[in-house]
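As provided, protein32.cif (mmCIF, C-alpha atoms and all ligand atoms) reads as follows.
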data_start
loop_
_atom_site.label_atom_id
_atom_site.label_comp_id
_atom_site.auth_asym_id
_atom_site.auth_seq_id
_atom_site.Cartn_x
_atom_site.Cartn_y
_atom_site.Cartn_z
CA MET A 1 -26.88 -83.06 -8.65
CA ALA A 2 -25.01 -80.58 -6.50
CA LYS A 3 -26.77 -77.45 -5.41
CA PRO A 4 -25.56 -74.19 -6.92
CA ILE A 5 -23.94 -71.70 -4.59
CA ILE A 6 -25.00 -68.86 -6.90
CA GLN A 7 -28.21 -68.62 -8.86
CA LEU A 8 -29.53 -65.83 -11.01
CA LYS A 9 -33.16 -66.32 -11.97
CA SER A 10 -34.34 -64.20 -14.90
CA VAL A 11 -32.46 -61.19 -13.65
CA SER A 12 -32.66 -57.83 -15.38
CA VAL A 13 -31.04 -54.55 -14.43
CA VAL A 14 -32.26 -51.38 -16.07
CA TYR A 15 -30.52 -48.07 -15.54
CA GLN A 16 -32.61 -44.91 -15.90
CA PRO A 17 -35.73 -46.87 -16.81
CA GLY A 18 -38.18 -45.12 -19.05
CA GLU A 19 -35.81 -42.36 -19.99
CA VAL A 20 -34.09 -41.81 -23.31
CA SER A 21 -30.87 -42.72 -21.58
CA GLU A 22 -32.30 -46.08 -20.48
CA VAL A 23 -29.63 -48.83 -20.46
CA TRP A 24 -29.95 -52.51 -19.78
CA GLY A 25 -27.07 -53.72 -17.66
CA ALA A 26 -28.54 -57.23 -17.62
CA ARG A 27 -31.35 -58.71 -19.69
CA ASP A 28 -33.20 -61.67 -18.32
CA VAL A 29 -30.07 -63.51 -17.23
CA SER A 30 -30.33 -66.94 -15.61
CA LEU A 31 -27.27 -68.81 -14.47
CA GLU A 32 -26.05 -71.32 -11.93
CA ILE A 33 -22.59 -71.51 -10.46
CA PHE A 34 -21.46 -74.37 -8.27
CA THR A 35 -19.16 -74.52 -5.28
CA GLN A 36 -15.47 -74.42 -6.14
CA GLU A 37 -16.02 -73.61 -9.76
CA TYR A 38 -13.74 -71.14 -11.48
CA ILE A 39 -15.99 -69.04 -13.69
CA VAL A 40 -15.05 -66.35 -16.17
CA PHE A 41 -17.50 -63.68 -17.32
CA PHE A 42 -16.07 -62.76 -20.68
CA GLY A 43 -17.14 -60.04 -23.08
CA PRO A 44 -16.34 -56.63 -24.51
CA SER A 45 -16.43 -53.45 -22.50
CA GLY A 46 -19.96 -52.37 -21.67
CA SER A 47 -21.41 -55.83 -22.22
CA GLY A 48 -22.65 -56.17 -18.65
CA LYS A 49 -19.97 -58.27 -16.95
CA SER A 50 -19.53 -56.00 -13.96
CA THR A 51 -23.27 -55.71 -13.58
CA LEU A 52 -23.49 -59.50 -13.18
CA LEU A 53 -20.64 -59.54 -10.70
CA ASN A 54 -22.10 -56.69 -8.70
CA LEU A 55 -25.45 -58.45 -8.57
CA ILE A 56 -23.77 -61.48 -7.04
CA ALA A 57 -21.87 -59.26 -4.63
CA GLY A 58 -25.13 -57.62 -3.57
CA LEU A 59 -23.77 -54.27 -4.71
CA GLU A 60 -26.40 -53.98 -7.40
CA LYS A 61 -30.12 -54.65 -7.05
CA PRO A 62 -31.99 -56.38 -9.83
CA SER A 63 -34.85 -54.49 -11.42
CA LYS A 64 -36.42 -57.87 -12.00
CA GLY A 65 -35.65 -61.45 -10.99
CA GLN A 66 -33.86 -63.08 -8.11
CA VAL A 67 -30.24 -63.42 -7.03
CA ILE A 68 -29.61 -66.29 -4.64
CA VAL A 69 -26.16 -66.63 -3.14
CA ASN A 70 -25.35 -69.24 -0.55
CA ASP A 71 -29.07 -69.77 0.11
CA GLN A 72 -29.73 -66.07 0.63
CA ASP A 73 -31.84 -63.90 -1.60
CA VAL A 74 -29.34 -61.09 -1.97
CA SER A 75 -31.82 -58.81 -3.69
CA LYS A 76 -34.11 -58.92 -0.68
CA ILE A 77 -31.88 -58.97 2.37
CA SER A 78 -31.71 -56.08 4.79
CA GLU A 79 -28.83 -53.63 4.87
CA GLN A 80 -27.65 -55.24 8.10
CA ALA A 81 -27.71 -58.74 6.64
CA LEU A 82 -25.95 -57.45 3.56
CA ILE A 83 -23.05 -56.19 5.64
CA GLU A 84 -22.78 -59.62 7.22
CA PHE A 85 -23.02 -61.19 3.77
CA HIS A 86 -20.11 -59.11 2.54
CA ARG A 87 -18.11 -60.13 5.55
CA THR A 88 -18.61 -63.84 5.31
CA THR A 89 -19.63 -64.81 1.82
CA THR A 90 -17.89 -62.69 -0.78
CA GLY A 91 -14.46 -61.18 -1.10
CA ILE A 92 -13.93 -58.79 -3.97
CA ILE A 93 -10.77 -57.86 -5.83
CA PHE A 94 -11.19 -54.88 -8.10
CA GLN A 95 -9.05 -53.47 -10.84
CA ALA A 96 -8.63 -50.23 -9.00
CA PHE A 97 -7.51 -51.76 -5.75
CA TYR A 98 -9.55 -49.39 -3.60
CA LEU A 99 -6.89 -49.37 -0.97
CA ILE A 100 -7.32 -46.50 1.41
CA SER A 101 -4.31 -44.29 0.99
CA ASN A 102 -4.03 -42.88 4.49
CA LEU A 103 -4.32 -46.26 6.19
CA SER A 104 -1.33 -48.57 6.50
CA VAL A 105 -1.25 -51.78 4.48
CA LYS A 106 -1.98 -53.67 7.67
CA ASP A 107 -5.08 -51.64 8.47
CA ASN A 108 -6.26 -51.92 4.89
CA ILE A 109 -6.11 -55.68 5.13
CA LEU A 110 -7.82 -55.73 8.51
CA LEU A 111 -10.55 -53.36 7.41
CA PRO A 112 -13.18 -56.02 6.63
CA GLN A 113 -12.71 -57.34 10.15
CA MET A 114 -13.32 -54.06 11.83
CA PHE A 115 -16.78 -54.92 13.00
CA ARG A 116 -16.09 -58.53 13.76
CA LYS A 117 -15.47 -59.33 17.34
CA LEU A 118 -12.40 -61.48 16.97
CA PRO A 119 -9.69 -61.78 19.58
CA LYS A 120 -6.73 -59.63 18.66
CA LYS A 121 -4.49 -62.65 18.65
CA VAL A 122 -6.58 -64.50 16.09
CA ARG A 123 -6.67 -61.41 13.93
CA GLU A 124 -2.94 -60.90 14.12
CA GLN A 125 -2.31 -64.52 13.27
CA LYS A 126 -4.55 -64.36 10.25
CA LEU A 127 -2.87 -61.19 9.14
CA ALA A 128 0.57 -62.69 9.59
CA SER A 129 -0.23 -65.82 7.65
CA LEU A 130 -1.78 -63.90 4.77
CA ALA A 131 1.12 -61.46 4.75
CA ALA A 132 3.59 -64.32 4.63
CA ARG A 133 1.64 -66.05 1.94
CA PHE A 134 1.54 -63.00 -0.27
CA GLY A 135 5.04 -61.86 0.54
CA ILE A 136 3.93 -58.52 1.95
CA GLY A 137 5.13 -59.02 5.51
CA GLU A 138 7.76 -56.36 5.06
CA VAL A 139 5.42 -53.66 3.85
CA LEU A 140 2.64 -53.90 6.43
CA VAL A 141 3.49 -50.57 8.00
CA LYS A 142 3.79 -48.76 4.68
CA LYS A 143 1.08 -46.79 2.93
CA PRO A 144 -0.43 -48.25 -0.25
CA ASN A 145 1.09 -45.61 -2.53
CA GLU A 146 4.57 -46.67 -1.43
CA LEU A 147 4.00 -50.10 -2.98
CA SER A 148 4.38 -51.45 -6.50
CA GLY A 149 1.26 -52.30 -8.49
CA GLY A 150 1.84 -56.00 -7.88
CA GLN A 151 2.21 -55.48 -4.15
CA GLN A 152 -0.96 -53.43 -4.04
CA GLN A 153 -2.78 -56.20 -5.82
CA ARG A 154 -1.55 -58.71 -3.27
CA VAL A 155 -2.65 -56.46 -0.44
CA ALA A 156 -6.08 -56.23 -2.06
CA ALA A 157 -6.12 -60.00 -2.31
CA ALA A 158 -5.16 -60.39 1.33
CA ARG A 159 -7.96 -58.02 2.25
CA ALA A 160 -10.42 -60.02 0.18
CA LEU A 161 -9.36 -63.16 2.05
CA ILE A 162 -9.06 -61.94 5.61
CA ASN A 163 -12.58 -63.08 6.45
CA ASP A 164 -12.17 -66.33 4.58
CA PRO A 165 -15.10 -65.80 2.20
CA LEU A 166 -16.71 -68.65 0.26
CA ILE A 167 -16.65 -66.76 -3.00
CA VAL A 168 -13.91 -64.61 -4.47
CA LEU A 169 -15.02 -62.09 -7.06
CA ALA A 170 -12.47 -60.36 -9.25
CA ASP A 171 -13.43 -57.56 -11.61
CA GLU A 172 -10.71 -57.08 -14.25
CA PRO A 173 -8.12 -57.50 -11.52
CA VAL A 174 -5.14 -57.38 -13.86
CA GLY A 175 -6.25 -54.51 -16.07
CA ASN A 176 -3.79 -52.07 -14.50
CA LEU A 177 -0.87 -54.40 -14.09
CA ASP A 178 2.21 -55.13 -16.14
CA SER A 179 2.45 -58.65 -17.47
CA LYS A 180 4.53 -60.00 -14.61
CA ASN A 181 2.17 -58.75 -11.94
CA ALA A 182 -0.80 -59.82 -14.03
CA GLU A 183 0.65 -63.31 -14.05
CA ILE A 184 1.09 -63.24 -10.28
CA THR A 185 -2.50 -62.20 -9.80
CA MET A 186 -3.78 -64.90 -12.11
CA GLN A 187 -1.75 -67.47 -10.26
CA LEU A 188 -3.19 -66.20 -7.05
CA LEU A 189 -6.77 -66.60 -8.22
CA GLN A 190 -5.95 -70.07 -9.46
CA GLU A 191 -4.45 -70.91 -6.09
CA LEU A 192 -7.50 -69.59 -4.25
CA ASN A 193 -9.62 -71.83 -6.38
CA LEU A 194 -7.53 -74.98 -6.30
CA ARG A 195 -5.91 -74.85 -2.92
CA ASP A 196 -8.29 -72.80 -0.83
CA ARG A 197 -11.28 -74.29 -2.62
CA LYS A 198 -12.95 -70.95 -3.15
CA THR A 199 -15.53 -70.40 -5.81
CA VAL A 200 -13.89 -67.86 -8.09
CA ILE A 201 -15.53 -65.54 -10.58
CA LEU A 202 -13.27 -63.54 -12.82
CA VAL A 203 -14.54 -60.72 -15.02
CA THR A 204 -12.31 -60.04 -18.00
CA HIS A 205 -12.34 -58.90 -21.61
CA ASP A 206 -8.96 -60.51 -22.18
CA PRO A 207 -9.12 -63.93 -23.89
CA ARG A 208 -5.70 -64.85 -22.54
CA TYR A 209 -7.29 -65.63 -19.21
CA LEU A 210 -9.97 -67.98 -20.49
CA PRO A 211 -7.91 -71.15 -20.00
CA TYR A 212 -8.06 -70.71 -16.23
CA ALA A 213 -11.82 -71.20 -16.15
CA ASP A 214 -13.87 -74.29 -15.58
CA ARG A 215 -16.67 -72.58 -17.44
CA ILE A 216 -16.89 -69.38 -19.42
CA TYR A 217 -19.97 -67.20 -19.69
CA TYR A 218 -19.83 -65.12 -22.88
CA VAL A 219 -21.65 -61.86 -22.13
CA LYS A 220 -23.00 -59.49 -24.78
CA ASP A 221 -25.46 -56.61 -24.56
CA GLY A 222 -26.46 -57.57 -21.05
CA SER A 223 -27.23 -61.18 -21.99
CA VAL A 224 -25.41 -64.46 -21.66
CA GLU A 225 -24.69 -65.43 -25.24
CA LYS A 226 -23.30 -68.85 -24.52
CA VAL A 227 -21.69 -70.92 -21.78
CA VAL A 228 -18.65 -72.98 -22.61
CA VAL A 229 -17.16 -75.74 -20.49
CA ASN A 230 -13.39 -75.73 -20.58
CA HIS A 231 -12.65 -79.45 -20.87
CA LYS A 232 -8.94 -78.85 -21.31
CA LYS A 233 -8.68 -77.36 -17.87
CA GLN A 234 -10.37 -80.38 -16.39
CA LYS A 235 -7.70 -82.54 -17.89
CA ILE A 236 -4.86 -80.59 -16.36
CA ASP A 237 -7.02 -80.63 -13.30
CA SER A 238 -6.81 -79.92 -9.67
CA LYS A 239 -5.76 -83.45 -8.84
CA ALA A 240 -2.26 -82.72 -10.04
CA VAL A 241 -2.05 -79.80 -7.69
CA SER A 242 -3.26 -81.54 -4.62
CA GLU A 243 -1.00 -84.49 -5.39
CA LEU A 244 1.96 -82.18 -5.81
CA ASP A 245 0.95 -80.34 -2.68
CA LYS A 246 0.86 -83.59 -0.79
CA LEU A 247 4.23 -84.58 -2.15
CA ALA A 248 5.64 -81.19 -1.28
CA GLN A 249 4.52 -81.74 2.28
CA SER A 250 6.05 -85.17 2.50
CA PHE A 251 9.28 -84.12 0.81
CA PRO A 252 9.83 -80.49 1.72
CA TYR A 253 13.51 -80.63 0.83
CA TYR A 254 13.00 -81.84 -2.72
CA SER A 255 13.37 -79.53 -5.69
CA SER A 256 10.21 -78.84 -7.65
CA GLN A 257 11.76 -80.83 -10.49
CA ARG A 258 12.19 -83.82 -8.25
CA LEU A 259 8.63 -83.52 -7.02
CA MET A 260 7.39 -83.40 -10.55
CA ALA A 261 9.45 -86.43 -11.45
CA LYS A 262 7.94 -88.24 -8.48
CA LEU A 263 4.43 -87.29 -9.40
CA VAL A 264 4.76 -88.43 -12.96
CA LEU A 265 6.68 -91.60 -12.25
CA ASN A 266 4.37 -92.77 -9.51
CA GLU A 267 1.84 -93.18 -12.21
CA VAL A 268 4.03 -94.75 -14.86
CA LEU A 269 6.18 -97.06 -12.76
CA LEU A 270 3.63 -98.30 -10.30
CA PRO A 271 4.80 -101.93 -9.99
CA TYR A 272 8.48 -101.07 -9.66
CA SER A 273 10.41 -101.08 -6.43
CA TYR A 274 11.28 -98.00 -4.47
CA SER A 275 14.94 -98.14 -5.43
CA ASP A 276 14.08 -98.53 -9.11
CA LEU A 277 11.79 -95.57 -8.83
CA GLU A 278 14.53 -93.52 -7.23
CA LYS A 279 16.95 -94.24 -10.05
CA VAL A 280 14.46 -93.04 -12.63
CA GLU A 281 13.44 -90.08 -10.51
CA GLU A 282 17.00 -88.94 -10.36
CA VAL A 283 17.50 -88.99 -14.08
CA VAL A 284 14.12 -87.35 -14.73
CA GLU A 285 15.00 -84.62 -12.27
CA LYS A 286 18.24 -84.05 -14.16
CA TYR A 287 16.32 -84.00 -17.39
CA LEU A 288 14.02 -81.31 -16.02
CA LEU A 289 17.08 -79.36 -14.95
CA LYS A 290 18.42 -79.81 -18.49
CA LYS A 291 21.35 -81.82 -17.19
CA ALA A 292 20.29 -85.03 -18.90
CA THR A 293 18.61 -85.93 -22.17
CA SER A 294 15.60 -88.10 -22.89
CA GLY A 295 18.13 -90.63 -24.16
CA ASP A 296 19.60 -90.75 -20.65
CA ILE A 297 16.17 -91.54 -19.23
CA GLN A 298 15.67 -94.31 -21.73
CA LYS A 299 19.07 -95.70 -20.86
CA VAL A 300 18.19 -95.97 -17.18
CA LEU A 301 14.93 -97.71 -18.06
CA ASP A 302 16.66 -100.04 -20.47
CA ASP A 303 19.99 -100.81 -18.82
CA PRO A 304 20.49 -103.93 -16.70
CA TYR A 305 20.76 -103.57 -12.94
CA GLU A 306 24.50 -103.91 -12.84
CA LYS A 307 24.78 -100.87 -15.09
CA GLY A 308 22.49 -98.81 -12.86
CA GLY A 309 19.33 -99.31 -14.88
CA ILE A 310 16.05 -100.98 -14.04
CA ASP A 311 16.21 -103.65 -16.72
CA MET A 312 13.07 -103.10 -18.80
CA TYR A 313 12.64 -104.74 -22.18
CA SER A 314 13.82 -102.31 -24.87
CA GLN A 315 10.37 -102.10 -26.40
CA LYS A 316 8.77 -101.33 -23.04
CA ALA A 317 11.52 -98.85 -22.16
CA LYS A 318 10.74 -96.88 -25.30
CA GLN A 319 7.00 -96.89 -24.59
CA THR A 320 7.58 -95.92 -21.00
CA LEU A 321 9.87 -93.10 -22.02
CA ASP A 322 7.21 -91.72 -24.37
CA LYS A 323 4.65 -91.87 -21.62
CA ILE A 324 6.97 -90.13 -19.16
CA LEU A 325 7.80 -87.36 -21.63
CA ASP A 326 4.15 -86.87 -22.43
CA LEU A 327 3.13 -86.64 -18.79
CA LEU A 328 6.02 -84.32 -18.04
CA LYS A 329 4.88 -82.04 -20.81
CA GLN A 330 1.38 -81.93 -19.37
CA ALA A 331 2.64 -81.43 -15.85
CA GLN A 332 5.01 -78.69 -16.94
CA ALA A 333 2.36 -76.86 -18.92
CA PHE A 334 0.33 -76.93 -15.80
CA ALA A 335 3.11 -76.00 -13.42
CA ALA A 336 4.15 -73.09 -15.60
CA LYS A 337 0.97 -71.36 -14.54
CA PRO A 338 0.30 -72.19 -10.93
CA GLY A 339 4.02 -72.51 -10.26
CA ALA A 340 4.00 -69.75 -7.73
CA ALA A 341 1.17 -71.43 -5.93
CA LEU A 342 3.17 -74.58 -5.55
CA SER A 343 6.29 -72.84 -4.51
CA GLN A 344 4.44 -70.80 -1.93
CA GLN A 345 3.08 -73.99 -0.48
CA GLN A 346 6.46 -75.65 -0.58
CA LEU A 347 8.02 -72.55 0.81
CA ARG A 348 5.83 -72.44 3.88
CA GLN A 349 6.31 -76.13 4.43
CA LEU A 350 10.04 -75.77 4.02
CA SER A 351 10.18 -72.86 6.40
CA LYS A 352 8.22 -74.84 8.97
CA SER A 353 10.46 -77.88 8.63
CA LEU A 354 13.59 -75.79 8.96
CA ILE A 355 12.31 -74.10 12.08
CA ALA A 356 11.36 -77.45 13.57
CA GLU A 357 14.54 -79.19 12.54
CA LEU A 358 16.85 -76.60 14.03
CA ALA A 359 14.49 -76.14 16.98
CA LEU A 360 14.39 -72.42 16.36
CA SER A 361 12.05 -70.23 18.26
CA LEU A 362 11.12 -67.39 15.95
CA THR A 363 8.52 -64.69 16.32
CA LEU A 364 6.04 -64.33 13.47
CA PRO A 365 7.80 -61.28 12.03
CA GLN A 366 11.05 -63.24 12.13
CA GLN A 367 9.36 -66.16 10.36
CA ASN A 368 8.12 -63.77 7.72
CA ARG A 369 11.61 -62.51 7.13
CA LEU A 370 12.85 -66.07 6.87
CA ASN A 371 10.11 -66.82 4.32
CA GLU A 372 11.11 -63.77 2.35
CA ILE A 373 14.73 -64.91 2.34
CA LEU A 374 13.77 -68.40 1.24
CA LEU A 375 11.60 -66.97 -1.50
CA GLN A 376 14.40 -64.78 -2.80
CA ARG A 377 16.95 -67.56 -2.58
CA MET A 378 14.55 -69.85 -4.39
CA ALA A 379 14.17 -67.29 -7.17
CA ASP A 380 17.96 -67.01 -7.26
CA LYS A 381 17.73 -63.36 -6.39
CA ILE A 382 20.23 -63.59 -3.54
CA SER A 383 23.38 -65.62 -2.96
CA ASP A 384 24.08 -68.04 -0.13
CA GLU A 385 26.31 -65.42 1.49
CA GLU A 386 23.50 -62.93 1.37
CA VAL A 387 21.25 -65.53 3.00
CA PHE A 388 23.69 -65.86 5.89
CA LYS A 389 24.05 -62.10 6.23
CA ARG A 390 20.34 -61.54 6.39
CA LEU A 391 19.78 -64.33 8.90
CA ASP A 392 22.50 -62.86 11.03
CA LEU A 393 21.54 -59.19 10.71
CA PRO A 394 19.70 -57.73 13.74
CA PHE A 395 15.94 -57.65 13.31
CA LYS A 396 15.80 -53.88 13.62
CA ASP A 397 18.15 -53.61 10.66
CA GLY A 398 15.93 -55.74 8.46
CA GLY A 399 17.44 -59.15 9.23
CA VAL A 400 16.07 -62.20 11.06
CA GLY A 401 18.30 -61.48 14.04
CA LEU A 402 19.67 -64.97 14.72
CA ASN A 403 22.93 -65.47 16.55
CA LYS A 404 25.96 -66.19 14.37
CA ARG A 405 26.05 -69.91 14.93
CA THR A 406 22.38 -70.46 14.28
CA ALA A 407 22.52 -68.21 11.25
CA HIS A 408 25.46 -70.23 10.00
CA ASN A 409 23.75 -73.59 10.52
CA LEU A 410 20.55 -72.44 8.97
CA SER A 411 22.21 -70.86 5.96
CA ARG A 412 24.22 -74.06 5.38
CA LYS A 413 21.00 -76.04 5.51
CA ILE A 414 19.33 -73.65 3.08
CA GLN A 415 22.33 -73.82 0.79
CA SER A 416 22.15 -77.60 0.71
CA ILE A 417 18.49 -77.45 -0.23
CA PHE A 418 18.82 -75.03 -3.08
CA GLU A 419 22.08 -76.06 -4.64
CA GLU A 420 21.53 -78.18 -7.68
P1 LIG B 501 -18.75 -54.29 -18.44
O1 LIG B 501 -18.35 -54.59 -17.05
O2 LIG B 501 -18.93 -55.51 -19.27
O3 LIG B 501 -17.85 -53.31 -19.09
P2 LIG B 501 -21.03 -53.00 -17.18
O4 LIG B 501 -21.71 -54.10 -16.48
O5 LIG B 501 -20.19 -52.11 -16.37
O6 LIG B 501 -20.20 -53.61 -18.41
O7 LIG B 501 -22.09 -52.11 -17.94
C1 LIG B 501 -23.13 -52.63 -18.76
C2 LIG B 501 -23.91 -51.49 -19.35
O8 LIG B 501 -24.60 -50.81 -18.31
C3 LIG B 501 -23.04 -50.45 -20.02
O9 LIG B 501 -23.73 -49.96 -21.15
C4 LIG B 501 -22.90 -49.38 -18.97
O10 LIG B 501 -22.70 -48.11 -19.57
C5 LIG B 501 -24.23 -49.45 -18.28
N1 LIG B 501 -24.15 -49.06 -16.86
C6 LIG B 501 -23.44 -49.66 -15.90
N2 LIG B 501 -23.62 -49.07 -14.71
C7 LIG B 501 -24.46 -48.04 -14.93
C8 LIG B 501 -25.05 -47.03 -14.10
N3 LIG B 501 -24.79 -46.99 -12.78
N4 LIG B 501 -25.86 -46.13 -14.68
C9 LIG B 501 -26.13 -46.18 -16.00
N5 LIG B 501 -25.63 -47.10 -16.82
C10 LIG B 501 -24.80 -48.01 -16.32
MG MG B 502 -16.71 -53.75 -15.97
#

Please go through the file and, once you have read it, give me the structure as structure tokens.
Ligand code: ADP
Ligand code: MG
Amino acid sequence: MAKPIIQLKSVSVVYQPGEVSEVWGARDVSLEIFTQEYIVFFGPSGSGKSTLLNLIAGLEKPSKGQVIVNDQDVSKISEQALIEFHRTTTGIIFQAFYLISNLSVKDNILLPQMFRKLPKKVREQKLASLAARFGIGEVLVKKPNELSGGQQQRVAAARALINDPLIVLADEPVGNLDSKNAEITMQLLQELNLRDRKTVILVTHDPRYLPYADRIYYVKDGSVEKVVVNHKKQKIDSKAVSELDKLAQSFPYYSSQRLMAKLVLNEVLLPYSYSDLEKVEEVVEKYLLKKATSGDIQKVLDDPYEKGGIDMYSQKAKQTLDKILDLLKQAQAFAAKPGAALSQQQLRQLSKSLIAELALSLTLPQQNRLNEILLQRMADKISDEEVFKRLDLPFKDGGVGLNKRTAHNLSRKIQSIFEE
């Protein structure tokens, strides 16, 4: 049996003990959380969720019991050790982002590193990669109050990650956000869990976020009422993500629809040849793009070779079609949520491949601008012409600052990738 990374042993927290105003934040709570789990503490306001999270973060001391995190007794460690613990073990994302308003975004993110003796270069690289990942490269010099709520949240996330903590704690992180930014934040947490393999604990009173969890602790009146394992989530599971991630790395130029087709078909059409697989992939990709029907897929499965099919028996073609549609549904349900995670991954890979392929030598800020352009083109927010313009525009004017010919080549390449 794996060892838990977090253990609460009969922990109680009493506020104002012995007074009339005495409140129990936690009552004799015992729990075990394992590495890479995604845990939700769920319950109504005032039930004690934040108290549990703060205990784990070492921000709250138990009145009774023990809190062991990553082999350390957090309730007993010295102030000095606690500072180190906060630097290396936990990263916290709060609802109120706690960004410091008179520091730039960049300095806010670097704050947790202030007392770490890291070479400037390493620090800058980490900053740049997080900024690129969260799409905040352009706002690093701004002040937090110049950003949208979603951007602030991403800055807070980048700050939580700058020291690469083992555990990410999020206390009602989406409470203040509109639904779009809430979705982005939830995707982010999911990504941290699945891709970065962080243990994630989310505190929420909102049942809409329960499906993200591996396990849910229902909290009430300072106690854990019940613990529920989310079997559904295990079915949609992390395997699909890492497989898609792997595919995205091997085929950076493929559309996400094509990657999904590949993923699903690999499983269904195992004994078929590569060229057969390609034929079906193509039609499934079209289907996902709503340019073909399920009947078209069946036709490719069923038709003889000379008609462009792969010559299955009719009966088998029908069964195979059902299986494909079923798997696609599962995969899509899954991709609808961590979609951004996948595209971020694909995006970075794509950007890298483009830079390598055209033998470009770009500074990190230039790469970030390129990423931003790719992201916007991917989301169909800008046209191919706009892509060219922004590649060509001098860096000081907000562009990537390539020369005309390179900008032209690169924008043509990008166009060919994104056109459907
Ligand atoms: P939740 O996060 O689920 O809303 P909390 O963990 O913040 O709940 O609070 C649990 C209970 O403890 C509540 O009744 C709250 O009022 C009380 N509480 C929390 N922090 C303090 C404190 N510092 N002093 C007194 N009571 C507190
Ligand atoms: Mg709370």

Env. residues ligand LIG 501 (chain B) / 9 Å / only C-alpha atoms and all ligand atoms / as number ranges by chain: A: 13-16, 21-26, 41-54, 60, 171-172, 203-205, 219-222

Min atom-atom distance to A:Val200 from the set A:Leu269, A:Ile33, A:Ala128, A:Ile382, counting all atoms listed in the file, belongs to A:Ile33

Shortest contact to A:Leu192, candidates A:Thr320, A:Gln152, A:Gln36, A:Ser223, atoms counted all atoms listed in the file, goes to A:Gln36

Give the answer as one residue: which of A:Leu140, A:Leu202, A:Ile184, A:Asn70 has the shortest atom-to-atom distance to ligand MG 502 (chain B), using only C-alpha atoms and all ligand atoms? A:Leu202

Have a look at atom CA of A:Tyr98 and atom CA of A:Ala157 and let me know their distance in Å, one decimal. 11.2 Å

Choose the residue, out of A:Leu177, A:Leu31, A:Val122, A:Ile109, that has the smallest atom-to-atom separation from A:Lys143; count only C-alpha atoms. A:Ile109

Work out how far apart atom CA of A:Arg369 and atom CA of A:Val400 are and give it in Å to one decimal. 6.0 Å

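Nearest residue to ligand MG 502 (chain B) among A:Ile162, A:Ala170, A:Leu259, A:Leu147 is A:Ala170, counting all atoms listed in the file.
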
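One finds atom CA of A:Leu8 at 11.8 Å from atom CA of A:Asp71.
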
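Distances to ligand MG 502 (chain B) were evaluated for A:Arg197, A:Asp164, A:Glu146, A:Phe94 using only C-alpha atoms and all ligand atoms, and the minimum falls at A:Phe94.
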
Polymer residues at most 8 Å from A:Ser75, all atoms listed in the file, same-chain spacing of 2 or more positions, as a PyMOL selection string: chain A and resi 58+61-62+66-68+73+77

Distance query 9 Å from (3.2, -54.9, -8.9) using all atoms listed in the file, result as a ChimeraX atom specification: /A:147-154,177-178,180-182,184
